[in-house]
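Data from coords25.cif: mmCIF, C-alpha atoms
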data_run
#
loop_
_atom_site.label_atom_id
_atom_site.label_comp_id
_atom_site.auth_asym_id
_atom_site.auth_seq_id
_atom_site.Cartn_x
_atom_site.Cartn_y
_atom_site.Cartn_z
CA MET A 1 -17.23 28.31 -35.39
CA THR A 2 -19.05 25.06 -36.06
CA ARG A 3 -17.21 21.96 -37.15
CA ASP A 4 -19.15 21.85 -40.50
CA ARG A 5 -18.23 25.46 -41.29
CA LYS A 6 -14.58 24.71 -40.55
CA ARG A 7 -14.72 21.81 -42.98
CA LEU A 8 -16.31 24.05 -45.69
CA ILE A 9 -13.62 26.70 -45.27
CA ALA A 10 -10.89 24.09 -45.39
CA GLY A 11 -12.42 22.62 -48.58
CA ALA A 12 -12.67 26.01 -50.26
CA ALA A 13 -9.07 26.76 -49.41
CA GLY A 14 -8.02 23.49 -50.99
CA ILE A 15 -9.91 24.21 -54.22
CA ALA A 16 -8.40 27.68 -54.46
CA ALA A 17 -4.93 26.26 -53.98
CA ILE A 18 -5.46 23.80 -56.85
CA GLY A 19 -6.58 26.61 -59.17
CA VAL A 20 -3.36 28.51 -58.64
CA ALA A 21 -0.99 25.60 -58.50
CA GLY A 22 2.48 26.57 -59.61
CA ILE A 23 1.97 30.18 -58.46
CA ILE A 24 1.15 29.74 -54.77
CA PRO A 25 2.11 26.56 -52.84
CA ALA A 26 -0.85 24.41 -51.88
CA ALA A 27 -2.14 25.00 -48.33
CA THR A 28 -1.43 22.31 -45.73
CA PRO A 29 -4.61 20.27 -45.13
CA ALA A 30 -6.33 21.12 -41.87
CA GLN A 31 -5.76 18.58 -39.10
CA ALA A 32 -8.84 16.49 -38.45
CA GLU A 33 -10.57 17.26 -35.17
CA PRO A 34 -10.58 14.45 -32.61
CA ASP A 35 -13.62 12.24 -32.47
CA ILE A 36 -15.27 12.51 -29.06
CA ASP A 37 -15.88 8.77 -28.77
CA ASP A 38 -12.25 8.01 -29.58
CA VAL A 39 -11.09 10.55 -27.01
CA ARG A 40 -13.45 9.10 -24.42
CA LYS A 41 -12.05 5.61 -25.00
CA LYS A 42 -8.44 6.82 -24.81
CA VAL A 43 -9.08 8.83 -21.67
CA ASP A 44 -10.93 5.97 -19.96
CA LYS A 45 -8.06 3.62 -20.78
CA LEU A 46 -5.51 6.07 -19.41
CA TYR A 47 -7.57 6.57 -16.25
CA THR A 48 -7.79 2.80 -15.81
CA GLN A 49 -4.02 2.47 -16.19
CA ALA A 50 -3.45 5.32 -13.76
CA GLU A 51 -5.79 3.73 -11.22
CA ALA A 52 -3.96 0.40 -11.53
CA ALA A 53 -0.70 2.27 -10.81
CA ASN A 54 -2.43 4.01 -7.92
CA GLU A 55 -3.44 0.59 -6.55
CA ASP A 56 0.17 -0.59 -6.75
CA PHE A 57 1.24 2.61 -5.00
CA SER A 58 -1.32 2.08 -2.21
CA ASN A 59 -0.22 -1.53 -1.70
CA ALA A 60 3.42 -0.45 -1.59
CA LYS A 61 2.51 2.19 0.98
CA LEU A 62 0.84 -0.46 3.16
CA ARG A 63 3.90 -2.69 2.78
CA LEU A 64 6.16 0.21 3.76
CA GLN A 65 4.16 0.79 6.95
CA ASP A 66 4.40 -2.93 7.79
CA LEU A 67 8.16 -2.78 7.31
CA LYS A 68 8.42 0.32 9.48
CA ASP A 69 6.53 -1.45 12.27
CA GLN A 70 8.72 -4.53 11.80
CA LEU A 71 11.88 -2.42 11.91
CA GLU A 72 10.73 -0.72 15.10
CA ASP A 73 10.20 -4.12 16.75
CA LEU A 74 13.56 -5.38 15.48
CA ASN A 75 15.36 -2.33 16.84
CA ALA A 76 13.72 -2.85 20.24
CA ASP A 77 14.66 -6.56 20.19
CA GLU A 78 18.20 -5.71 19.18
CA LYS A 79 18.58 -3.32 22.11
CA ARG A 80 17.25 -5.92 24.57
CA GLN A 81 19.51 -8.57 23.07
CA SER A 82 22.54 -6.31 23.31
CA LYS A 83 21.84 -5.59 26.98
CA GLU A 84 21.50 -9.32 27.72
CA LEU A 85 24.78 -9.99 25.95
CA ASP A 86 26.54 -7.28 27.99
CA LYS A 87 25.15 -8.77 31.19
CA ILE A 88 26.42 -12.28 30.41
CA ARG A 89 29.79 -10.90 29.32
CA ALA A 90 30.15 -9.16 32.70
CA GLU A 91 29.18 -12.35 34.57
CA LEU A 92 31.73 -14.37 32.63
CA ARG A 93 34.47 -11.84 33.29
CA ASP A 94 33.68 -11.69 37.01
CA SER A 95 33.64 -15.48 37.19
CA VAL A 96 37.14 -15.74 35.76
CA LEU A 97 38.43 -13.01 38.06
CA ARG A 98 36.91 -14.64 41.13
CA GLN A 99 38.43 -18.01 40.23
CA PHE A 100 41.98 -16.78 40.37
CA GLU A 101 41.57 -13.96 42.87
CA GLY A 102 44.34 -14.14 45.59
CA SER A 103 46.04 -17.13 44.03
CA ASP A 104 47.93 -18.28 41.00
CA VAL A 105 47.82 -21.32 38.79
CA SER A 106 50.28 -23.27 40.95
CA ALA A 107 48.17 -22.65 44.06
CA VAL A 108 45.11 -24.02 42.30
CA GLY A 109 47.17 -27.03 41.28
CA GLN A 110 48.12 -27.66 44.93
CA VAL A 111 44.46 -27.79 45.94
CA ILE A 112 43.51 -30.52 43.49
CA THR A 113 46.67 -32.61 44.19
CA SER A 114 46.35 -32.60 48.00
CA GLU A 115 47.08 -35.87 49.80
CA ASP A 116 44.05 -35.38 52.02
CA PRO A 117 41.14 -37.10 50.24
CA GLN A 118 38.52 -34.77 51.72
CA GLU A 119 40.57 -31.70 50.90
CA PHE A 120 41.17 -33.09 47.40
CA LEU A 121 37.48 -33.69 46.78
CA ALA A 122 36.56 -30.30 48.20
CA GLY A 123 39.19 -28.59 46.07
CA LEU A 124 38.21 -30.53 42.95
CA ALA A 125 34.55 -29.72 43.47
CA THR A 126 35.38 -26.03 43.88
CA VAL A 127 37.49 -25.80 40.73
CA SER A 128 35.02 -27.93 38.73
CA SER A 129 32.10 -25.76 39.76
CA TYR A 130 33.90 -22.67 38.54
CA ASN A 131 34.73 -24.33 35.26
CA ALA A 132 31.12 -25.51 34.83
CA LEU A 133 29.85 -22.02 35.57
CA GLN A 134 32.21 -20.54 33.01
CA ALA A 135 31.22 -23.15 30.43
CA ASP A 136 27.54 -22.38 31.01
CA LEU A 137 28.14 -18.66 30.79
CA LEU A 138 30.21 -19.09 27.65
CA ALA A 139 27.48 -21.20 26.04
CA ARG A 140 24.86 -18.58 26.94
CA TYR A 141 27.14 -15.83 25.65
CA ASN A 142 27.54 -17.59 22.30
CA THR A 143 23.79 -18.19 22.05
CA GLU A 144 22.95 -14.56 22.80
CA ALA A 145 25.64 -13.32 20.40
CA GLU A 146 24.19 -15.45 17.60
CA ALA A 147 20.68 -14.21 18.42
CA LEU A 148 21.90 -10.61 18.28
CA GLN A 149 23.50 -11.22 14.89
CA VAL A 150 20.25 -12.72 13.57
CA ARG A 151 18.36 -9.63 14.71
CA ARG A 152 20.93 -7.31 13.16
CA GLU A 153 20.70 -9.15 9.85
CA ALA A 154 16.88 -9.00 10.00
CA THR A 155 17.10 -5.27 10.67
CA GLU A 156 19.36 -4.71 7.68
CA ASP A 157 17.07 -6.84 5.51
CA ALA A 158 14.04 -4.78 6.57
CA LYS A 159 15.92 -1.57 5.72
CA ALA A 160 16.82 -2.95 2.29
CA GLN A 161 13.21 -3.95 1.63
CA MET A 162 12.05 -0.49 2.68
CA ALA A 163 14.41 1.08 0.17
CA LYS A 164 13.02 -1.13 -2.61
CA VAL A 165 9.43 -0.32 -1.66
CA LYS A 166 10.18 3.41 -1.65
CA THR A 167 11.65 3.06 -5.15
CA THR A 168 8.52 1.24 -6.29
CA MET A 169 6.34 3.99 -4.84
CA GLN A 170 8.30 6.65 -6.71
CA GLN A 171 7.97 4.69 -9.96
CA LYS A 172 4.22 4.22 -9.50
CA LYS A 173 3.75 7.89 -8.63
CA SER A 174 5.54 8.83 -11.86
CA GLU A 175 3.34 6.40 -13.79
CA ILE A 176 0.18 7.89 -12.27
CA ASP A 177 1.30 11.41 -13.24
CA GLU A 178 2.25 10.28 -16.74
CA LYS A 179 -1.12 8.64 -17.45
CA PHE A 180 -3.09 11.50 -15.91
CA GLU A 181 -1.18 14.10 -17.96
CA ALA A 182 -1.72 12.06 -21.13
CA ALA A 183 -5.46 11.96 -20.40
CA GLN A 184 -5.49 15.72 -19.84
CA ALA A 185 -3.71 16.25 -23.15
CA GLU A 186 -6.44 14.26 -24.92
CA LEU A 187 -9.16 16.29 -23.20
CA ASP A 188 -7.47 19.58 -24.09
CA GLU A 189 -8.04 18.77 -27.78
CA LEU A 190 -11.82 18.88 -27.34
CA GLU A 191 -14.21 21.76 -27.84
CA ALA A 192 -15.84 23.12 -24.67
CA ASP A 193 -19.17 21.41 -25.31
CA GLU A 194 -17.46 18.09 -26.05
CA LEU A 195 -15.34 18.36 -22.91
CA GLU A 196 -18.47 19.06 -20.89
CA ALA A 197 -20.11 15.96 -22.34
CA ILE A 198 -17.24 13.78 -21.14
CA GLN A 199 -16.77 15.46 -17.76
CA SER A 200 -20.40 16.03 -16.87
CA THR A 201 -21.45 14.24 -13.70
CA ASP A 202 -24.95 13.16 -12.82
CA THR A 203 -25.21 13.94 -9.09
CA SER A 204 -28.74 12.59 -8.76
CA ILE A 205 -29.35 9.65 -6.43
CA PRO A 206 -31.95 7.01 -7.31
CA SER A 207 -35.06 7.28 -5.16
CA ASN A 208 -36.11 3.62 -5.27
CA LEU A 209 -33.11 2.14 -3.43
CA PRO A 210 -33.66 -0.59 -0.84
CA PRO A 211 -32.96 0.61 2.71
CA PRO A 212 -29.63 -0.54 4.17
CA SER A 213 -29.55 -1.95 7.68
CA GLY A 214 -27.21 -1.67 10.65
CA ARG A 215 -23.74 -0.30 10.08
CA ALA A 216 -24.20 -0.63 6.32
CA LYS A 217 -26.72 2.23 6.48
CA VAL A 218 -24.10 4.52 8.01
CA ALA A 219 -21.57 3.61 5.30
CA VAL A 220 -24.03 3.96 2.41
CA ASP A 221 -25.47 7.26 3.67
CA TYR A 222 -21.99 8.71 4.12
CA ALA A 223 -20.81 7.61 0.67
CA LEU A 224 -23.92 8.99 -1.03
CA ALA A 225 -23.38 12.31 0.74
CA GLN A 226 -20.05 12.58 -1.12
CA VAL A 227 -21.61 12.33 -4.61
CA GLY A 228 -20.25 15.20 -6.68
CA ASP A 229 -16.91 15.34 -4.84
CA ALA A 230 -13.70 15.27 -6.86
CA TYR A 231 -11.59 12.21 -7.66
CA VAL A 232 -7.90 12.63 -6.77
CA TYR A 233 -5.36 9.81 -6.81
CA GLY A 234 -4.42 8.87 -3.25
CA ALA A 235 -7.07 11.12 -1.65
CA THR A 236 -9.03 10.01 1.42
CA GLY A 237 -11.42 12.93 1.89
CA THR A 238 -13.08 14.97 2.95
CA GLU A 239 -13.69 16.80 -0.33
CA SER A 240 -11.76 14.55 -2.71
CA TRP A 241 -11.31 10.79 -2.86
CA ASP A 242 -9.90 7.88 -4.77
CA CYS A 243 -11.96 4.69 -4.96
CA SER A 244 -10.60 2.86 -1.89
CA GLY A 245 -10.31 6.15 -0.01
CA LEU A 246 -14.08 6.63 -0.33
CA THR A 247 -14.94 3.09 0.79
CA MET A 248 -12.45 3.34 3.65
CA GLY A 249 -13.92 6.65 4.77
CA ALA A 250 -17.54 5.48 4.49
CA TRP A 251 -17.06 2.26 6.43
CA GLY A 252 -14.82 4.10 8.89
CA GLN A 253 -17.87 6.19 9.79
CA ALA A 254 -19.59 2.91 10.64
CA GLY A 255 -16.74 1.84 12.92
CA VAL A 256 -15.11 -0.60 10.50
CA SER A 257 -11.42 -0.10 9.69
CA LEU A 258 -10.41 -0.80 6.09
CA PRO A 259 -6.98 -0.51 4.44
CA HIS A 260 -6.45 2.15 1.78
CA SER A 261 -6.23 -0.35 -1.09
CA SER A 262 -9.01 -1.93 -3.12
CA SER A 263 -7.22 -5.28 -3.44
CA ALA A 264 -6.49 -5.31 0.32
CA GLN A 265 -10.15 -4.48 1.02
CA TYR A 266 -11.10 -7.61 -0.90
CA SER A 267 -9.88 -9.52 2.17
CA SER A 268 -11.78 -7.34 4.65
CA GLY A 269 -14.78 -9.65 5.05
CA PRO A 270 -16.56 -12.73 3.74
CA GLN A 271 -17.10 -12.90 0.01
CA VAL A 272 -20.66 -12.47 -1.25
CA SER A 273 -22.10 -13.92 -4.47
CA ARG A 274 -23.54 -11.44 -6.92
CA ASP A 275 -27.10 -12.67 -6.43
CA GLN A 276 -26.79 -12.10 -2.68
CA LEU A 277 -25.53 -8.51 -2.82
CA ALA A 278 -26.92 -6.18 -0.14
CA PRO A 279 -26.53 -2.41 0.32
CA GLY A 280 -23.18 -1.65 1.91
CA ASP A 281 -21.28 -4.54 0.32
CA LEU A 282 -18.01 -3.66 -1.34
CA VAL A 283 -17.95 -4.46 -5.06
CA PHE A 284 -14.65 -4.94 -6.90
CA PHE A 285 -13.57 -4.60 -10.52
CA TYR A 286 -10.82 -5.60 -12.97
CA SER A 287 -8.22 -8.35 -12.70
CA PRO A 288 -6.03 -7.77 -10.87
CA ILE A 289 -8.38 -5.74 -8.69
CA SER A 290 -7.87 -2.01 -9.03
CA HIS A 291 -11.29 -0.44 -8.33
CA VAL A 292 -13.91 -0.68 -5.59
CA GLY A 293 -17.33 0.82 -4.91
CA ILE A 294 -20.16 0.46 -2.39
CA TYR A 295 -23.25 -1.39 -3.54
CA ILE A 296 -26.47 0.55 -2.89
CA GLY A 297 -29.06 -1.83 -4.40
CA ASN A 298 -30.84 -2.36 -7.73
CA GLY A 299 -27.58 -3.07 -9.52
CA GLN A 300 -26.17 0.35 -8.57
CA MET A 301 -23.10 1.46 -6.66
CA VAL A 302 -21.63 4.69 -5.38
CA HIS A 303 -17.92 5.09 -6.13
CA ALA A 304 -15.12 7.53 -6.78
CA SER A 305 -15.04 6.97 -10.52
CA ASN A 306 -12.21 8.95 -12.16
CA PRO A 307 -10.86 12.52 -12.38
CA SER A 308 -13.42 13.49 -15.03
CA THR A 309 -16.58 12.43 -13.21
CA GLY A 310 -15.62 12.23 -9.52
CA VAL A 311 -17.88 10.51 -7.00
CA LYS A 312 -21.07 9.30 -8.61
CA VAL A 313 -23.69 6.55 -8.76
CA SER A 314 -23.21 3.99 -11.55
CA PRO A 315 -24.40 0.54 -12.57
CA ILE A 316 -22.05 -2.17 -11.35
CA ASP A 317 -21.91 -3.41 -14.95
CA GLU A 318 -20.11 -0.22 -15.94
CA MET A 319 -16.76 -2.01 -15.40
CA PRO A 320 -15.55 -5.64 -15.45
CA TYR A 321 -17.00 -7.08 -12.23
CA THR A 322 -14.74 -9.28 -10.08
CA GLY A 323 -16.58 -9.95 -6.80
CA ALA A 324 -17.88 -8.56 -3.54
CA VAL A 325 -17.29 -8.76 0.21
CA ARG A 326 -19.32 -7.77 3.26
CA PRO A 327 -17.25 -5.67 5.71
CA GLY A 328 -17.63 -5.84 9.45
#

Would you mind writing the structure in this file as structure tokens?
Amino acid sequence: MTRDRKRLIAGAAGIAAIGVAGIIPAATPAQAEPDIDDVRKKVDKLYTQAEAANEDFSNAKLRLQDLKDQLEDLNADEKRQSKELDKIRAELRDSVLRQFEGSDVSAVGQVITSEDPQEFLAGLATVSSYNALQADLLARYNTEAEALQVRREATEDAKAQMAKVKTTMQQKKSEIDEKFEAAQAELDELEADELEAIQSTDTSIPSNLPPPSGRAKVAVDYALAQVGDAYVYGATGTESWDCSGLTMGAWGQAGVSLPHSSSAQYSSGPQVSRDQLAPGDLVFFYSPISHVGIYIGNGQMVHASNPSTGVKVSPIDEMPYTGAVRPG
């Protein structure tokens, strides 16, 4: 049924209800159908918010991996420190035992109070050397014990930070799901043809693009080969991607390692002014940065856009432009 016919039926029902007022209760007015442009704006805003949450999630995931690596190093240091402390403790114990082995305190006193000057000096030197050794060992023991405590505190701090980061990741994942579900609810209100208009994806690739060079050609060719693939938050291929997952995968094919985060990728190479953009450059959007694509020339980029349109080619003016870098 067309929208105009629905409106006519609703209007007729309203007139009939007025004519029999007092006999039959007036019909409830029909709910207005959503305007496609309004829905598009709402959905785009929700997708943008979800992608910003996805960016926070990706950054938290990178931070968590850093903390895991740090904790692994701290645990190894703590084990080495503990072994060193045990070694010095054993040396200190053996030193004390050797000092008094086969004698008692009075016998030691006799050595250092001997009337023979040479025997006195020899005895004094012997006792003093033991005391010096013990003092040195004790000082080393205290130093190593303090170092071990520092490492243990650092380990506990890293564990606490990891717990906080995991909580952040859970919160951001919930936010992503919430925004995505809200967008889906908006789309579910549309007619089939209206939904197709919003979700339709142009999978064509411009034919007049300037040829990339070097490793950039590998990255651009790979990214363009993914046009038409689905957008999924957190995905890194090979049939679905998020924005930084696509750029990471494309430049990975060219032998350049990128982090799975658009804001982190902004530090992956020298910055490039807009008038100096070349195919293969990474182009970034929003502030703070939450989206990235690969420039392909003539003001165009290939990027994992959003869940409605997936991987596609778009003008770089489609979103608020922030800057660009040249990987590798």

To test your reading of the syntax: which residues would the PyMOL selection byres ((chain A and resi 313) around 6) return for the file shown? Reply as a list in words.
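Going through the file, the PyMOL selection byres ((chain A and resi 313) around 6) ends up selecting Met301, Val302, Lys312 and Ser314 of chain A.
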
Grab the residues selected above and save them as an mmCIF file, in the frame of the given file with C-alpha atoms.
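Listed below is the output, out-v1.cif:
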data_model
loop_
_atom_site.group_PDB
_atom_site.id
_atom_site.type_symbol
_atom_site.label_atom_id
_atom_site.label_comp_id
_atom_site.auth_asym_id
_atom_site.auth_seq_id
_atom_site.Cartn_x
_atom_site.Cartn_y
_atom_site.Cartn_z
ATOM 1 C CA MET A 301 -23.100 1.460 -6.660
ATOM 2 C CA VAL A 302 -21.630 4.690 -5.380
ATOM 3 C CA LYS A 312 -21.070 9.300 -8.610
ATOM 4 C CA SER A 314 -23.210 3.990 -11.550
#

With the file shown as input, list the residues that the PyMOL selection byres ((chain A and resi 150-152) around 10) selects, as a ChimeraX atom specification.
/A:74-79,81,144-149,153-158

Residue contacts of range 224-228 of chain A (10 Å, all atoms listed in the file) excluding same-chain residues fewer than 4 positions away, as a PDB file with C-alpha atoms, keeping the file's coordinate frame:
ATOM      1  CA  THR A 201     -21.450  14.240 -13.700  1.00  0.00           C
ATOM      2  CA  ASP A 202     -24.950  13.160 -12.820  1.00  0.00           C
ATOM      3  CA  THR A 203     -25.210  13.940  -9.090  1.00  0.00           C
ATOM      4  CA  SER A 204     -28.740  12.590  -8.760  1.00  0.00           C
ATOM      5  CA  ILE A 205     -29.350   9.650  -6.430  1.00  0.00           C
ATOM      6  CA  ALA A 219     -21.570   3.610   5.300  1.00  0.00           C
ATOM      7  CA  VAL A 220     -24.030   3.960   2.410  1.00  0.00           C
ATOM      8  CA  GLY A 237     -11.420  12.930   1.890  1.00  0.00           C
ATOM      9  CA  THR A 238     -13.080  14.970   2.950  1.00  0.00           C
ATOM     10  CA  GLU A 239     -13.690  16.800  -0.330  1.00  0.00           C
ATOM     11  CA  SER A 240     -11.760  14.550  -2.710  1.00  0.00           C
ATOM     12  CA  TRP A 241     -11.310  10.790  -2.860  1.00  0.00           C
ATOM     13  CA  LEU A 246     -14.080   6.630  -0.330  1.00  0.00           C
ATOM     14  CA  ALA A 250     -17.540   5.480   4.490  1.00  0.00           C
ATOM     15  CA  ILE A 294     -20.160   0.460  -2.390  1.00  0.00           C
ATOM     16  CA  ILE A 296     -26.470   0.550  -2.890  1.00  0.00           C
ATOM     17  CA  MET A 301     -23.100   1.460  -6.660  1.00  0.00           C
ATOM     18  CA  VAL A 302     -21.630   4.690  -5.380  1.00  0.00           C
ATOM     19  CA  HIS A 303     -17.920   5.090  -6.130  1.00  0.00           C
ATOM     20  CA  ALA A 304     -15.120   7.530  -6.780  1.00  0.00           C
ATOM     21  CA  THR A 309     -16.580  12.430 -13.210  1.00  0.00           C
ATOM     22  CA  GLY A 310     -15.620  12.230  -9.520  1.00  0.00           C
ATOM     23  CA  VAL A 311     -17.880  10.510  -7.000  1.00  0.00           C
ATOM     24  CA  LYS A 312     -21.070   9.300  -8.610  1.00  0.00           C
ATOM     25  CA  VAL A 313     -23.690   6.550  -8.760  1.00  0.00           C
TER      26      VAL A 313
END

Smallest atom-to-atom distance to Ala182 in chain A: which of A:Asp44, A:Glu318, A:Asp221, A:Asp35, using all atoms listed in the file?
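Distance minimum relative to Ala182 in chain A lands on A:Asp44.
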
Please evaluate the PyMOL selection byres ((chain A and resi 251) around 12) against the displayed coordinates and give the resulting residues as JSON, numbers by chain.
{"A": [214, 215, 216, 217, 218, 219, 220, 221, 222, 223, 244, 245, 246, 247, 248, 249, 250, 252, 253, 254, 255, 256, 257, 258, 259, 260, 265, 268, 280, 281, 282, 293, 294, 326, 327, 328]}

Residues within 8 Å of Ile316 in chain A, only C-alpha atoms, excluding chain neighbours under 5 positions, as a ChimeraX atom specification
/A:283,295,299-301,321

What separates CA of Gln170 in chain A and CA of Asp69 in chain A is a distance of 20.7 Å

Using only C-alpha atoms, find all polymer residues with an atom at most 9 Å away from the point (-16.4, -12.8, 0.2); report them as a ChimeraX atom specification.
/A:266-273,323-326

Between CA of Ser261 in chain A and CA of Leu67 in chain A, what is the spacing in Å?
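Interatomic distance here is 16.8 Å.
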
Residue nearest Gln49 in chain A among A:Ser305, A:Ser82, A:Ser290, A:Asn298 (counting only C-alpha atoms)
A:Ser290

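Across the model, the gap from CA of Tyr286 in chain A to CA of Lys61 in chain A is 20.8 Å.
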
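Restricting the calculation to only C-alpha atoms, the smallest distance between Glu181 in chain A and any of A:Cys243, A:Leu64, A:Ala163, A:Leu46 is found for A:Leu46.
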
Closest to Ile176 in chain A among A:Ala52, A:Glu196, A:Leu137, A:Pro211, using only C-alpha atoms?
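Ranked by minimum distance to Ile176 in chain A, first place goes to A:Ala52.
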
Output range 200-212 of chain A as a JSON list (two decimals), keeping the file's coordinate frame, making sure N, CA and C atoms are there.
[["chain", "number", "residue", "atom", "x", "y", "z"],
["A", 200, "SER", "N", -19.17, 15.77, -17.61],
["A", 200, "SER", "CA", -20.40, 16.03, -16.87],
["A", 200, "SER", "C", -20.70, 14.89, -15.92],
["A", 201, "THR", "N", -21.17, 15.24, -14.73],
["A", 201, "THR", "CA", -21.45, 14.24, -13.70],
["A", 201, "THR", "C", -22.90, 14.34, -13.28],
["A", 202, "ASP", "N", -23.57, 13.22, -13.30],
["A", 202, "ASP", "CA", -24.95, 13.16, -12.82],
["A", 202, "ASP", "C", -24.89, 12.98, -11.30],
["A", 203, "THR", "N", -25.27, 14.00, -10.55],
["A", 203, "THR", "CA", -25.21, 13.94, -9.09],
["A", 203, "THR", "C", -26.53, 13.49, -8.46],
["A", 204, "SER", "N", -27.46, 13.06, -9.31],
["A", 204, "SER", "CA", -28.74, 12.59, -8.76],
["A", 204, "SER", "C", -28.56, 11.21, -8.12],
["A", 205, "ILE", "N", -29.39, 10.93, -7.14],
["A", 205, "ILE", "CA", -29.35, 9.65, -6.43],
["A", 205, "ILE", "C", -30.70, 8.96, -6.64],
["A", 206, "PRO", "N", -30.68, 7.72, -7.09],
["A", 206, "PRO", "CA", -31.95, 7.01, -7.31],
["A", 206, "PRO", "C", -32.83, 7.02, -6.07],
["A", 207, "SER", "N", -34.12, 7.16, -6.30],
["A", 207, "SER", "CA", -35.06, 7.28, -5.16],
["A", 207, "SER", "C", -35.65, 5.94, -4.75],
["A", 208, "ASN", "N", -35.46, 4.90, -5.55],
["A", 208, "ASN", "CA", -36.11, 3.62, -5.27],
["A", 208, "ASN", "C", -35.12, 2.59, -4.70],
["A", 209, "LEU", "N", -34.12, 3.05, -3.96],
["A", 209, "LEU", "CA", -33.11, 2.14, -3.43],
["A", 209, "LEU", "C", -33.63, 1.40, -2.20],
["A", 210, "PRO", "N", -33.26, 0.14, -2.04],
["A", 210, "PRO", "CA", -33.66, -0.59, -0.84],
["A", 210, "PRO", "C", -32.93, -0.03, 0.37],
["A", 211, "PRO", "N", -33.59, 0.02, 1.53],
["A", 211, "PRO", "CA", -32.96, 0.61, 2.71],
["A", 211, "PRO", "C", -31.87, -0.29, 3.28],
["A", 212, "PRO", "N", -30.67, 0.25, 3.52],
["A", 212, "PRO", "CA", -29.63, -0.54, 4.17],
["A", 212, "PRO", "C", -29.99, -0.76, 5.63]]
